[in-house]
$ cat upload.cif   # mmCIF, C-alpha atoms
data_work
loop_
_atom_site.label_atom_id
_atom_site.label_comp_id
_atom_site.auth_asym_id
_atom_site.auth_seq_id
_atom_site.Cartn_x
_atom_site.Cartn_y
_atom_site.Cartn_z
CA MET I 1 -74.17 -89.83 -115.80
CA LEU I 2 -72.33 -87.24 -117.90
CA LEU I 3 -69.69 -89.76 -118.95
CA THR I 4 -72.38 -92.25 -119.97
CA MET I 5 -74.16 -89.63 -122.09
CA VAL I 6 -70.88 -88.63 -123.76
CA LEU I 7 -70.14 -92.27 -124.58
CA LEU I 8 -73.66 -92.72 -125.92
CA ALA I 9 -73.30 -89.64 -128.12
CA ALA I 10 -69.94 -90.92 -129.41
CA VAL I 11 -71.48 -94.27 -130.35
CA TYR I 12 -74.34 -92.55 -132.18
CA LEU I 13 -72.05 -90.15 -134.05
CA ALA I 14 -69.83 -93.02 -135.15
CA PHE I 15 -72.92 -94.91 -136.31
CA LEU I 16 -74.17 -91.97 -138.37
CA ALA I 17 -70.70 -91.41 -139.83
CA PHE I 18 -70.50 -95.06 -140.83
CA LEU I 19 -73.91 -94.99 -142.54
CA ALA I 20 -72.95 -91.82 -144.40
CA TYR I 21 -69.62 -93.34 -145.48
CA MET I 22 -71.40 -96.42 -146.81
CA GLY I 23 -73.75 -94.20 -148.81
CA THR I 24 -76.77 -95.68 -147.05
CA SER I 25 -80.14 -93.95 -147.20
CA GLN I 26 -82.27 -95.19 -144.37
CA SER I 27 -84.85 -92.39 -144.23
CA PHE I 28 -87.69 -94.89 -144.05
CA MET I 29 -86.22 -96.60 -140.99
CA ILE I 30 -85.55 -93.26 -139.32
CA LEU I 31 -89.15 -92.24 -140.04
CA ILE I 32 -90.47 -95.45 -138.48
CA ALA I 33 -88.20 -95.01 -135.45
CA GLY I 34 -89.30 -91.38 -135.20
CA ILE I 35 -92.97 -92.41 -135.12
CA PHE I 36 -92.19 -94.98 -132.44
CA ILE I 37 -90.32 -92.46 -130.29
CA PHE I 38 -93.05 -89.85 -130.82
CA ALA I 39 -95.68 -92.29 -129.59
CA GLN I 40 -93.50 -93.31 -126.65
CA TYR I 41 -92.86 -89.69 -125.67
CA PHE I 42 -96.40 -88.33 -125.96
CA TYR I 43 -98.40 -91.39 -124.95
CA SER I 44 -96.10 -93.13 -122.46
CA ASP I 45 -98.26 -92.14 -119.49
CA LYS I 46 -101.40 -93.64 -121.04
CA MET I 47 -99.56 -96.83 -122.04
CA VAL I 48 -98.04 -97.28 -118.58
CA LEU I 49 -101.34 -96.67 -116.79
CA TRP I 50 -103.10 -99.13 -119.08
CA SER I 51 -100.35 -101.77 -118.75
CA THR I 52 -100.30 -101.62 -114.94
CA GLY I 53 -104.04 -101.30 -114.41
CA ALA I 54 -103.55 -97.99 -112.59
CA LYS I 55 -106.64 -95.93 -111.84
CA ILE I 56 -106.57 -92.14 -111.64
CA VAL I 57 -108.10 -91.11 -108.31
CA SER I 58 -109.60 -87.79 -107.27
CA GLU I 59 -108.89 -85.89 -104.07
CA SER I 60 -112.25 -86.95 -102.66
CA GLU I 61 -111.39 -90.62 -103.29
CA GLU I 62 -107.87 -90.47 -101.80
CA PRO I 63 -107.56 -87.33 -99.66
CA GLU I 64 -104.55 -88.59 -97.66
CA LEU I 65 -102.54 -89.53 -100.75
CA HIS I 66 -103.38 -86.26 -102.48
CA GLY I 67 -102.40 -84.36 -99.35
CA ILE I 68 -98.96 -86.00 -99.26
CA ILE I 69 -98.29 -85.31 -102.92
CA THR I 70 -99.52 -81.70 -102.71
CA ARG I 71 -97.16 -80.96 -99.82
CA LEU I 72 -94.16 -82.67 -101.41
CA CYS I 73 -94.77 -80.88 -104.71
CA ALA I 74 -94.70 -77.56 -102.87
CA VAL I 75 -91.31 -78.47 -101.38
CA ALA I 76 -89.99 -79.71 -104.75
CA ASP I 77 -91.43 -76.64 -106.54
CA ILE I 78 -93.19 -78.58 -109.29
CA PRO I 79 -96.83 -78.71 -110.48
CA LYS I 80 -98.94 -81.35 -108.82
CA PRO I 81 -99.20 -84.44 -111.07
CA ARG I 82 -102.23 -86.62 -111.48
CA VAL I 83 -102.50 -89.31 -108.81
CA ALA I 84 -103.16 -92.99 -109.51
CA VAL I 85 -103.53 -96.16 -107.47
CA VAL I 86 -102.75 -99.70 -108.61
CA ASN I 87 -104.65 -102.47 -106.87
CA THR I 88 -101.92 -105.09 -106.46
CA SER I 89 -100.06 -106.75 -103.60
CA ILE I 90 -96.72 -105.82 -105.21
CA PRO I 91 -95.26 -102.97 -103.11
CA ASN I 92 -94.14 -100.34 -105.60
CA ALA I 93 -94.59 -96.88 -107.05
CA PHE I 94 -93.82 -95.19 -110.36
CA ALA I 95 -93.99 -91.89 -112.19
CA THR I 96 -94.55 -91.32 -115.89
CA GLY I 97 -95.29 -88.44 -118.25
CA ARG I 98 -93.16 -86.39 -120.63
CA ASN I 99 -92.79 -83.32 -118.36
CA PRO I 100 -93.94 -81.98 -114.98
CA SER I 101 -97.14 -80.58 -116.53
CA HIS I 102 -98.15 -83.97 -117.97
CA ALA I 103 -97.09 -86.33 -115.19
CA VAL I 104 -98.70 -89.12 -113.22
CA VAL I 105 -97.51 -90.55 -109.90
CA ALA I 106 -98.91 -93.94 -108.94
CA VAL I 107 -98.61 -96.08 -105.83
CA THR I 108 -99.77 -99.63 -105.28
CA THR I 109 -102.05 -100.77 -102.51
CA GLY I 110 -99.32 -103.21 -101.47
CA LEU I 111 -96.89 -100.32 -100.94
CA ARG I 112 -99.27 -98.42 -98.70
CA GLN I 113 -99.89 -101.52 -96.59
CA ARG I 114 -96.18 -102.15 -95.95
CA LEU I 115 -94.72 -98.69 -95.38
CA ASN I 116 -95.25 -96.19 -92.60
CA GLN I 117 -96.12 -92.55 -93.30
CA GLY I 118 -92.53 -91.29 -93.51
CA GLU I 119 -91.36 -94.13 -95.75
CA LEU I 120 -94.31 -93.64 -98.09
CA GLU I 121 -93.50 -89.94 -98.38
CA ALA I 122 -89.85 -90.76 -99.18
CA VAL I 123 -90.89 -93.11 -101.99
CA ILE I 124 -93.30 -90.56 -103.44
CA ALA I 125 -90.57 -87.90 -103.21
CA HIS I 126 -88.32 -90.23 -105.25
CA GLU I 127 -90.98 -90.45 -107.95
CA LEU I 128 -91.52 -86.69 -107.92
CA SER I 129 -87.78 -86.27 -108.43
CA HIS I 130 -88.08 -88.32 -111.62
CA VAL I 131 -90.79 -85.91 -112.74
CA LYS I 132 -88.72 -82.84 -111.85
CA ASN I 133 -85.64 -84.26 -113.62
CA ARG I 134 -87.69 -85.02 -116.78
CA ASP I 135 -86.30 -88.54 -116.83
CA VAL I 136 -88.86 -89.88 -119.31
CA MET I 137 -87.76 -87.24 -121.82
CA VAL I 138 -84.04 -87.92 -121.19
CA ILE I 139 -84.33 -91.68 -121.70
CA THR I 140 -86.59 -91.23 -124.75
CA ILE I 141 -84.10 -88.91 -126.47
CA ALA I 142 -81.20 -91.16 -125.53
CA SER I 143 -83.03 -94.13 -127.06
CA PHE I 144 -83.68 -92.60 -130.49
CA LEU I 145 -80.71 -93.84 -132.54
CA SER I 146 -80.68 -97.08 -130.57
CA THR I 147 -84.19 -97.60 -131.91
CA VAL I 148 -82.97 -96.81 -135.45
CA ALA I 149 -80.21 -99.40 -135.08
CA PHE I 150 -82.72 -101.93 -133.78
CA PHE I 151 -84.97 -101.46 -136.82
CA LEU I 152 -81.97 -101.80 -139.13
CA VAL I 153 -80.92 -105.05 -137.49
CA ARG I 154 -84.44 -106.42 -137.51
CA ASN I 155 -85.61 -105.33 -140.95
CA MET I 156 -82.63 -104.91 -143.29
CA ILE I 157 -82.83 -108.48 -144.53
CA PHE I 158 -86.54 -108.10 -145.25
CA PHE I 159 -86.23 -104.73 -146.98
CA GLY I 160 -82.88 -105.11 -148.69
CA GLY I 161 -81.97 -108.77 -148.87
CA GLY I 162 -83.88 -109.57 -152.05
CA ARG I 163 -82.82 -106.41 -153.89
CA ARG I 164 -79.10 -106.17 -153.28
CA ARG I 165 -76.68 -107.15 -156.02
CA GLU I 166 -73.76 -109.48 -155.45
CA ASP I 167 -71.25 -106.61 -155.38
CA SER I 168 -73.20 -104.88 -152.59
CA GLY I 169 -73.42 -107.94 -150.36
CA GLY I 170 -70.33 -106.99 -148.35
CA ALA I 171 -71.65 -103.50 -147.62
CA PHE I 172 -75.03 -104.91 -146.63
CA ILE I 173 -73.45 -107.31 -144.14
CA ALA I 174 -71.15 -104.58 -142.77
CA ILE I 175 -74.08 -102.24 -142.13
CA TRP I 176 -76.04 -105.02 -140.42
CA VAL I 177 -73.11 -105.99 -138.18
CA VAL I 178 -72.35 -102.37 -137.22
CA SER I 179 -76.05 -101.73 -136.53
CA LEU I 180 -76.14 -104.77 -134.25
CA ALA I 181 -73.04 -103.57 -132.40
CA VAL I 182 -74.49 -100.07 -132.01
CA TYR I 183 -77.75 -101.47 -130.67
CA ILE I 184 -76.01 -103.68 -128.09
CA VAL I 185 -73.59 -100.99 -126.90
CA SER I 186 -76.23 -98.25 -126.80
CA TYR I 187 -78.65 -100.56 -124.97
CA LEU I 188 -76.09 -101.20 -122.23
CA LEU I 189 -75.26 -97.48 -121.99
CA ILE I 190 -78.95 -96.56 -121.74
CA GLN I 191 -79.38 -99.09 -118.93
CA ALA I 192 -76.38 -97.50 -117.17
CA LEU I 193 -77.90 -94.03 -117.70
CA SER I 194 -81.15 -95.29 -116.19
CA ARG I 195 -79.29 -96.54 -113.11
CA TYR I 196 -77.64 -93.14 -112.65
CA ARG I 197 -81.05 -91.46 -112.95
CA GLU I 198 -82.23 -93.68 -110.09
CA PHE I 199 -79.34 -92.47 -107.92
CA ALA I 200 -80.31 -88.88 -108.81
CA ALA I 201 -83.95 -89.51 -107.87
CA ASP I 202 -82.85 -91.07 -104.56
CA ARG I 203 -80.83 -87.94 -103.84
CA GLY I 204 -83.82 -85.80 -104.77
CA SER I 205 -85.98 -87.71 -102.30
CA ALA I 206 -83.39 -87.20 -99.56
CA LEU I 207 -83.32 -83.44 -100.20
CA ILE I 208 -87.11 -83.10 -100.38
CA THR I 209 -87.81 -85.03 -97.18
CA GLY I 210 -84.60 -84.09 -95.38
CA GLN I 211 -84.33 -87.68 -94.13
CA PRO I 212 -82.40 -90.07 -96.42
CA SER I 213 -82.85 -92.86 -93.88
CA LEU I 214 -86.58 -92.97 -94.61
CA LEU I 215 -86.01 -93.92 -98.25
CA ALA I 216 -83.32 -96.42 -97.24
CA SER I 217 -85.79 -98.07 -94.85
CA ALA I 218 -88.48 -98.13 -97.55
CA LEU I 219 -86.10 -99.71 -100.09
CA LEU I 220 -85.24 -102.47 -97.60
CA LYS I 221 -88.90 -103.18 -96.90
CA ILE I 222 -89.87 -103.19 -100.59
CA SER I 223 -86.97 -105.39 -101.68
CA GLY I 224 -87.63 -107.81 -98.82
CA SER I 225 -91.31 -108.01 -99.74
CA MET I 226 -90.53 -108.79 -103.39
CA GLU I 227 -89.15 -112.19 -102.40
CA ARG I 228 -92.55 -113.14 -100.95
CA ILE I 229 -94.59 -112.07 -103.99
CA PRO I 230 -95.69 -115.03 -106.18
CA LYS I 231 -93.58 -115.29 -109.34
CA GLU I 232 -96.70 -115.28 -111.48
CA ASP I 233 -97.65 -111.83 -110.16
CA LEU I 234 -94.13 -110.50 -110.74
CA ARG I 235 -94.06 -111.75 -114.32
CA LYS I 236 -97.29 -109.88 -115.09
CA VAL I 237 -95.61 -106.51 -114.48
CA GLU I 238 -92.03 -107.44 -115.30
CA GLY I 239 -92.06 -105.49 -118.55
CA MET I 240 -92.85 -102.27 -116.67
CA SER I 241 -90.05 -102.65 -114.13
CA ALA I 242 -88.05 -99.74 -115.54
CA PHE I 243 -90.77 -97.41 -114.20
CA PHE I 244 -90.84 -98.84 -110.66
CA ILE I 245 -88.78 -97.68 -107.69
CA ILE I 246 -87.55 -101.30 -107.36
CA PRO I 247 -87.78 -103.69 -110.34
CA ALA I 248 -90.53 -106.29 -110.10
CA ILE I 249 -88.39 -109.09 -111.52
CA SER I 250 -88.69 -112.80 -110.88
CA ARG I 251 -85.43 -114.50 -109.91
CA SER I 252 -85.38 -116.58 -113.07
CA SER I 253 -85.55 -113.55 -115.34
CA LEU I 254 -82.58 -112.63 -117.52
CA MET I 255 -83.50 -108.98 -116.95
CA ASN I 256 -81.38 -109.12 -113.80
CA LEU I 257 -78.32 -109.05 -116.07
CA PHE I 258 -79.36 -105.75 -117.65
CA SER I 259 -81.00 -103.94 -114.75
CA THR I 260 -82.39 -100.44 -115.09
CA HIS I 261 -81.83 -99.94 -111.35
CA PRO I 262 -78.74 -100.07 -109.12
CA SER I 263 -78.68 -102.72 -106.42
CA VAL I 264 -80.47 -101.89 -103.19
CA GLU I 265 -77.16 -102.18 -101.35
CA LYS I 266 -75.54 -99.50 -103.51
CA ARG I 267 -78.55 -97.21 -103.21
CA ILE I 268 -78.59 -97.49 -99.43
CA ALA I 269 -74.84 -96.85 -99.27
CA ALA I 270 -75.32 -93.70 -101.38
CA LEU I 271 -78.17 -92.54 -99.11
CA GLU I 272 -75.98 -93.08 -96.05
CA ARG I 273 -73.31 -90.84 -97.63
CA ILE I 274 -75.93 -88.18 -98.33
CA GLU I 275 -77.11 -88.33 -94.71
CA GLN I 276 -73.54 -87.86 -93.51
CA GLU I 277 -73.19 -84.83 -95.80
CA MET I 278 -76.42 -83.32 -94.46
CA GLU I 279 -75.29 -83.75 -90.86
CA ARG I 280 -72.07 -81.79 -91.36
#
$ encode --input "upload.cif" --output "structure tokens"
Amino acid sequence: MLLTMVLLAAVYLAFLAFLAYMGTSQSFMILIAGIFIFAQYFYSDKMVLWSTGAKIVSESEEPELHGIITRLCAVADIPKPRVAVVNTSIPNAFATGRNPSHAVVAVTTGLRQRLNQGELEAVIAHELSHVKNRDVMVITIASFLSTVAFFLVRNMIFFGGGRRREDSGGAFIAIWVVSLAVYIVSYLLIQALSRYREFAADRGSALITGQPSLLASALLKISGSMERIPKEDLRKVEGMSAFFIIPAISRSSLMNLFSTHPSVEKRIAALERIEQEMER
């Protein structure tokens, strides 16, 4: 994770140095990207809840679920987040919110139907680890200059193409090409960072519950169930897969090539190593 963040910082610094060398003033694009990141950071929980159809539930509505989360939060030493339920057959869970004081943990009805008590607690502990690690904030900050590069690639022709003189055409093309390269490289690094954050959340779940095998069992059940979910249902939530404990991705999707999550096999192998460490 540290190496990925160093590489990401190096790419961004090189990008800024290149723009400065070319004498480019892109304050407008940075402002637009800043507004986008601001909205993503402060309103991500509302957008995710709306996109998934999640409903915030009170303790009187879901006493068992609230009880599990209250106990796990005490072990993890974090404030209790809001609790939400998504009425869907897709077995999954997610956490969102910019910090532990503004977090939401949601589980689907399909998840609760397929997992036993211990497995459900392990999945929720994974999501609480994301909250404790402030993963939404980390990914948002890491994405800032990638977003700037994306806006440059997408909008430079519109904003600058008609105004540039012939002698500035080469510089214009160079900036566009470098911006495209920065966006592609930073995108891949951010996906790698996201995968490492998943490993960290898996480890957090193992430490909170004290039983890594429970999360491993839950991952196997969830991944096996995904194959039986209709593709139409998966496509409806595919865009939110980065938030889920296991991506809800149809087999035909190109998103498999740029996954935000490690493979289930690698995650289970890592959990097995953690269990061996805990037994020593």
$ resolve_selection --input "upload.cif" --expression "the PyMOL selection byres ((chain I and resi 199-213) around 8)" --output "list in words"
Leu72, Val75, Ala76, Glu121, Ala122, Val123, Ile124, Ala125, His126, Glu127, Leu128, Ser129, His130, Asn133, Arg195, Tyr196, Arg197, Glu198, Leu214, Leu215, Ala216, Ser217, Pro262, Arg267, Ala270, Leu271, Glu272, Ile274 and Glu275 of chain I
$ atom_distance --input "upload.cif" --atom1 "atom CA of Lys80 of chain I" --atom2 "atom CA of Ala103 of chain I"
8.3 Å
$ atom_distance --input "upload.cif" --atom1 "atom CA of Pro91 of chain I" --atom2 "atom CA of Leu188 of chain I"
27.1 Å
$ residues_around --input "upload.cif" --residues "Val105 of chain I" --least-positions-apart "3" --cutoff "9 Å" --atoms "all atoms listed in the file" --output "list in words"
Ile69, Pro81, Arg82, Val83, Ala84, Val85, Ala93, Phe94, Ala95, Thr96, Gly97, Ile124, Glu127, Leu128 and Val131 of chain I
$ closest_residue --input "upload.cif" --among "I:Arg71, I:Lys221, I:Lys46, I:His102" --to "Leu115 of chain I" --atoms "only C-alpha atoms"
I:Lys221
$ build_atoms --input "upload.cif" --residues "segment 75-95 of chain I" --atoms "N, CA and C atoms" --output "compact mmCIF listing (two decimals), keeping the file's coordinate frame"
# COMPACT_ATOMS: atom_id res chain seq x y z
N VAL I 75 -92.72 -78.47 -101.78
CA VAL I 75 -91.31 -78.47 -101.38
C VAL I 75 -90.40 -78.60 -102.61
N ALA I 76 -90.80 -79.47 -103.54
CA ALA I 76 -89.99 -79.71 -104.75
C ALA I 76 -90.15 -78.61 -105.79
N ASP I 77 -91.15 -77.74 -105.62
CA ASP I 77 -91.43 -76.64 -106.54
C ASP I 77 -91.76 -77.15 -107.94
N ILE I 78 -92.71 -78.08 -108.01
CA ILE I 78 -93.19 -78.58 -109.29
C ILE I 78 -94.71 -78.62 -109.27
N PRO I 79 -95.36 -78.60 -110.45
CA PRO I 79 -96.83 -78.71 -110.48
C PRO I 79 -97.26 -80.07 -109.94
N LYS I 80 -98.43 -80.09 -109.35
CA LYS I 80 -98.94 -81.35 -108.82
C LYS I 80 -99.35 -82.26 -109.97
N PRO I 81 -98.82 -83.49 -110.02
CA PRO I 81 -99.20 -84.44 -111.07
C PRO I 81 -100.54 -85.08 -110.78
N ARG I 82 -101.07 -85.80 -111.75
CA ARG I 82 -102.23 -86.62 -111.48
C ARG I 82 -101.82 -87.76 -110.55
N VAL I 83 -102.78 -88.28 -109.82
CA VAL I 83 -102.50 -89.31 -108.81
C VAL I 83 -103.25 -90.58 -109.21
N ALA I 84 -102.54 -91.71 -109.14
CA ALA I 84 -103.16 -92.99 -109.51
C ALA I 84 -102.85 -94.04 -108.46
N VAL I 85 -103.71 -95.03 -108.39
CA VAL I 85 -103.53 -96.16 -107.47
C VAL I 85 -103.64 -97.45 -108.27
N VAL I 86 -102.73 -98.38 -107.97
CA VAL I 86 -102.75 -99.70 -108.61
C VAL I 86 -103.14 -100.73 -107.56
N ASN I 87 -104.18 -101.46 -107.83
CA ASN I 87 -104.65 -102.47 -106.87
C ASN I 87 -103.89 -103.78 -107.07
N THR I 88 -102.75 -103.89 -106.39
CA THR I 88 -101.92 -105.09 -106.46
C THR I 88 -101.16 -105.25 -105.16
N SER I 89 -100.82 -106.48 -104.83
CA SER I 89 -100.06 -106.75 -103.60
C SER I 89 -98.59 -106.40 -103.75
N ILE I 90 -98.13 -106.17 -104.98
CA ILE I 90 -96.72 -105.82 -105.21
C ILE I 90 -96.45 -104.43 -104.65
N PRO I 91 -95.53 -104.28 -103.69
CA PRO I 91 -95.26 -102.97 -103.11
C PRO I 91 -94.37 -102.14 -104.03
N ASN I 92 -94.93 -101.13 -104.67
CA ASN I 92 -94.14 -100.34 -105.60
C ASN I 92 -94.80 -99.01 -105.90
N ALA I 93 -94.09 -98.17 -106.62
CA ALA I 93 -94.59 -96.88 -107.05
C ALA I 93 -93.88 -96.52 -108.34
N PHE I 94 -94.48 -95.63 -109.13
CA PHE I 94 -93.82 -95.19 -110.36
C PHE I 94 -94.35 -93.82 -110.76
N ALA I 95 -93.58 -93.16 -111.60
CA ALA I 95 -93.99 -91.89 -112.19
C ALA I 95 -93.80 -91.99 -113.69
